[in-house]
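> Below is the file run_39.csv, with CSV, C-alpha atoms.
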```csv
chain,number,residue,atom,x,y,z
A,337,MET,CA,-32.5,-12.2,1.9
A,338,ALA,CA,-29.8,-14.4,3.5
A,339,THR,CA,-27.7,-12.9,6.3
A,340,ALA,CA,-24.2,-14.1,6.9
A,341,ASN,CA,-21.0,-13.0,8.4
A,342,PRO,CA,-18.6,-11.3,5.9
A,343,LEU,CA,-15.8,-13.5,4.6
A,344,LEU,CA,-12.2,-12.7,5.6
A,345,ASN,CA,-9.9,-11.7,2.7
A,346,HIS,CA,-7.0,-14.0,3.7
A,347,LYS,CA,-8.5,-17.4,2.8
A,348,PHE,CA,-8.6,-17.9,-1.0
A,349,VAL,CA,-7.3,-20.0,-3.8
A,350,MET,CA,-6.9,-19.5,-7.5
A,351,GLU,CA,-7.5,-22.1,-10.1
A,352,ILE,CA,-6.0,-21.8,-13.6
A,353,ASP,CA,-6.6,-24.5,-16.2
A,354,GLY,CA,-3.4,-26.6,-16.4
A,355,ILE,CA,-1.4,-24.6,-13.9
A,356,SER,CA,-0.9,-25.6,-10.3
A,357,VAL,CA,0.1,-22.9,-7.9
A,358,ALA,CA,0.3,-23.4,-4.2
A,359,SER,CA,-0.6,-20.0,-2.9
A,360,PHE,CA,-0.6,-16.3,-3.5
A,361,SER,CA,0.0,-13.5,-1.0
A,362,ASP,CA,-2.3,-11.0,-2.7
A,363,VAL,CA,-4.9,-11.1,-5.4
A,364,THR,CA,-6.6,-8.0,-6.6
A,365,ILE,CA,-9.9,-8.6,-8.5
A,366,ALA,CA,-10.8,-5.5,-10.5
A,367,GLY,CA,-14.5,-5.0,-11.2
A,368,SER,CA,-16.5,-4.5,-14.3
A,369,ASP,CA,-17.9,-1.4,-16.0
A,370,THR,CA,-20.5,-0.7,-18.6
A,371,ALA,CA,-19.8,2.4,-20.8
A,372,ILE,CA,-22.6,4.9,-21.1
A,373,ALA,CA,-23.7,5.9,-24.6
A,374,GLU,CA,-25.7,9.2,-24.5
A,375,TYR,CA,-28.4,9.5,-27.2
A,376,ARG,CA,-31.0,11.9,-28.2
A,377,GLU,CA,-33.4,11.9,-31.1
A,378,GLY,CA,-34.2,15.2,-32.7
A,379,ASP,CA,-37.9,15.3,-31.8
A,380,GLU,CA,-37.5,14.1,-28.2
A,381,SER,CA,-37.4,16.3,-25.1
A,382,PRO,CA,-34.1,18.0,-24.4
A,383,THR,CA,-33.2,15.2,-22.0
A,384,VAL,CA,-30.4,12.9,-23.0
A,385,ARG,CA,-31.1,9.2,-22.9
A,386,LYS,CA,-28.5,6.9,-21.4
A,387,LEU,CA,-27.9,3.6,-23.1
A,388,ALA,CA,-25.7,0.7,-22.1
A,389,GLY,CA,-22.5,0.5,-24.1
A,390,LEU,CA,-19.7,-2.0,-24.0
A,391,ASN,CA,-18.8,-4.0,-20.9
A,392,THR,CA,-15.2,-3.8,-19.8
A,393,TYR,CA,-13.4,-5.8,-17.1
A,394,GLY,CA,-10.4,-4.8,-15.1
A,395,ASN,CA,-7.3,-7.0,-14.8
A,396,VAL,CA,-6.6,-9.4,-12.0
A,397,THR,CA,-3.2,-8.9,-10.3
A,398,CYS,CA,-1.7,-11.7,-8.2
A,399,LYS,CA,1.5,-11.7,-6.1
A,400,TRP,CA,3.4,-14.6,-4.6
A,401,GLY,CA,6.7,-15.4,-3.0
A,402,ILE,CA,9.1,-16.7,-5.6
A,403,THR,CA,9.6,-20.5,-5.7
A,404,ASP,CA,11.3,-22.9,-8.1
A,405,SER,CA,7.9,-23.3,-10.0
A,406,MET,CA,8.1,-21.9,-13.5
A,407,ASP,CA,4.4,-22.5,-14.4
A,408,LEU,CA,3.2,-18.8,-14.2
A,409,TYR,CA,6.3,-17.4,-15.8
A,410,ASN,CA,5.9,-20.0,-18.7
A,411,TRP,CA,2.3,-19.0,-19.1
A,412,ARG,CA,3.5,-15.4,-19.6
A,413,LYS,CA,6.2,-16.6,-22.0
A,414,GLU,CA,3.6,-18.1,-24.3
A,415,ILE,CA,2.3,-14.6,-24.9
A,416,GLU,CA,5.7,-13.2,-25.5
A,417,ASP,CA,6.3,-16.0,-28.0
A,418,GLY,CA,3.0,-15.1,-29.9
A,419,LYS,CA,0.9,-18.0,-28.8
A,420,ILE,CA,-1.9,-15.9,-27.5
A,421,GLU,CA,-4.8,-18.3,-28.4
A,422,ASP,CA,-3.0,-21.2,-26.8
A,423,ALA,CA,-2.4,-19.2,-23.7
A,424,ARG,CA,-6.1,-18.2,-23.1
A,425,LYS,CA,-7.4,-20.1,-20.0
A,426,SER,CA,-10.4,-20.3,-17.7
A,427,MET,CA,-9.6,-19.1,-14.2
A,428,SER,CA,-11.4,-19.0,-10.9
A,429,ILE,CA,-10.8,-17.3,-7.6
A,430,ILE,CA,-12.5,-19.0,-4.6
A,431,VAL,CA,-12.9,-17.3,-1.3
A,432,LYS,CA,-13.2,-19.7,1.7
A,433,ASN,CA,-14.7,-19.3,5.2
A,434,ALA,CA,-12.8,-20.1,8.4
A,435,ALA,CA,-13.7,-23.8,8.1
A,436,GLY,CA,-12.1,-23.9,4.6
A,437,GLU,CA,-15.4,-24.2,2.7
A,438,ASP,CA,-15.9,-22.5,-0.6
A,439,LYS,CA,-18.2,-19.5,-0.1
A,440,ALA,CA,-17.6,-17.1,-3.0
A,441,ARG,CA,-16.4,-17.9,-6.5
A,442,PHE,CA,-15.3,-15.5,-9.3
A,443,ASN,CA,-14.9,-17.1,-12.8
A,444,PHE,CA,-12.9,-15.5,-15.5
A,445,GLU,CA,-13.1,-16.3,-19.2
A,446,LYS,CA,-10.3,-16.3,-21.8
A,447,ALA,CA,-7.7,-15.1,-19.3
A,448,TRP,CA,-4.1,-14.5,-20.2
A,449,PRO,CA,-1.1,-12.8,-18.6
A,450,THR,CA,-0.4,-9.3,-19.8
A,451,LYS,CA,2.4,-8.3,-17.5
A,452,TYR,CA,5.0,-10.2,-15.4
A,453,THR,CA,7.1,-8.4,-12.7
A,454,ALA,CA,10.2,-10.1,-11.4
A,455,PRO,CA,11.1,-9.7,-7.7
A,456,THR,CA,13.1,-6.9,-6.3
A,457,LEU,CA,16.1,-8.4,-4.5
A,458,SER,CA,18.2,-6.8,-1.7
A,459,ALA,CA,21.0,-8.3,0.3
A,460,LYS,CA,20.2,-5.9,3.1
A,461,GLY,CA,16.9,-7.5,4.3
A,462,ASN,CA,15.2,-10.8,4.9
A,463,ASP,CA,11.8,-10.2,3.2
A,464,VAL,CA,10.3,-12.7,0.8
A,465,ALA,CA,11.1,-12.0,-2.8
A,466,ILE,CA,7.7,-11.3,-4.6
A,467,GLU,CA,6.8,-12.0,-8.2
A,468,SER,CA,3.6,-10.6,-9.7
A,469,LEU,CA,1.4,-11.3,-12.7
A,470,GLU,CA,-1.3,-9.1,-14.3
A,471,ILE,CA,-4.0,-11.1,-16.0
A,472,CYS,CA,-6.5,-9.7,-18.5
A,473,HIS,CA,-9.7,-11.6,-19.4
A,474,GLU,CA,-12.9,-11.2,-21.4
A,475,GLY,CA,-15.5,-11.7,-18.7
A,476,MET,CA,-16.0,-12.1,-15.0
A,477,GLU,CA,-18.9,-13.7,-13.2
A,478,ARG,CA,-19.5,-14.2,-9.5
A,479,VAL,CA,-21.3,-17.6,-9.3
A,480,ALA,CA,-21.4,-18.1,-5.6
```
What would you get if you wrote out this structure as structure tokens?


Amino acid sequence: MATANPLLNHKFVMEIDGISVASFSDVTIAGSDTAIAEYREGDESPTVRKLAGLNTYGNVTCKWGITDSMDLYNWRKEIEDGKIEDARKSMSIIVKNAAGEDKARFNFEKAWPTKYTAPTLSAKGNDVAIESLEICHEGMERVA
């Protein structure tokens, strides 16, 4: 078994087919679950068998400081315009080490944005205006 130092959570990039985005301030990768189907045949012992059911995958949420790029918003707009099949994309999140080398990669299949949140604006502060996008998908695999 390989031993290595844990990776820090602040060095990562996200790749989305056909969309160039400079950076994100936060990305939340939800995990996967397998439903449990309980089953018992009439002549078996009174113990319930547990069978694997359907796999489900949580959504990915990403946040970034608003810029003049419309790429992610336009991706969401495709869904609003009913072009769901055209909007499905492959997506990866890559975690890097301190030297900038790729060390962990999560690949997502048939991803599309399910929710866009515009920034909250206030003339009273000097915080960065943050947009967010929630992305659903039909499969996640850690490949590195």

> Record the distance separating CA of Asp404 (chain A) and CA of Glu351 (chain A), expressed in Å with one decimal.

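Taking CA of Asp404 (chain A) and CA of Glu351 (chain A), their separation equals 18.9 Å.
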
> Let me make sure I understand: among A:Ile429, A:Val363, A:Ala388, A:Ala373, which one has the smallest atom-to-atom distance to Leu469 (chain A) if we use only C-alpha atoms?

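Of A:Ile429, A:Val363, A:Ala388, A:Ala373, the one nearest Leu469 (chain A), counting only C-alpha atoms, is A:Val363.
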
> Quick check, in Å to one decimal: how far apart do CA of Ile471 (chain A) and CA of Ser428 (chain A) lie?

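Separation between CA of Ile471 (chain A) and CA of Ser428 (chain A): 12.0 Å.
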
> Tell me which protein, DNA and RNA residues are within 12 Å of region 458-468 of chain A, counting only C-alpha atoms, leaving out same-chain ones fewer than 4 positions away, and put them as a list in words.

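Counting only the stated atoms, we get Phe360, Ser361, Asp362, Val363, Thr364, Val396, Thr397, Cys398, Lys399, Trp400, Gly401, Ile402, Thr403, Asp404, Ser405, Met406, Leu408, Tyr409, Arg412, Pro449, Thr450, Lys451, Tyr452, Thr453 and Ala454 of chain A.
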
> Would you list the residues near (-21.0, -16.8, -10.5) (no more than 10 Å away, in the coordinates of the file, using all atoms listed in the file) as a ChimeraX atom specification?

/A:428,440-444,476-480

> One decimal, in Å: what's the spacing between CA of Trp448 (chain A) and CA of Lys425 (chain A)?

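Separating CA of Trp448 (chain A) from CA of Lys425 (chain A) is a distance of 6.5 Å.
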
> Fewer than 3 positions away in the same chain doesn't count, so skip those; otherwise give me all residues within 10 Å of Ala435 (chain A), counting all atoms listed in the file, as number ranges by chain.

A: 347, 432, 438

> Output, as AutoDock Vina command-line options, the centre and edge lengths in Å (one decimal) of the axis-aligned box that contains all listed atoms of region 360-375 of chain A with 5 Å of margin on each side.


```
--center_x -14.2 --center_y -3.4 --center_z -14.1 --size_x 38.4 --size_y 35.8 --size_z 36.2
```
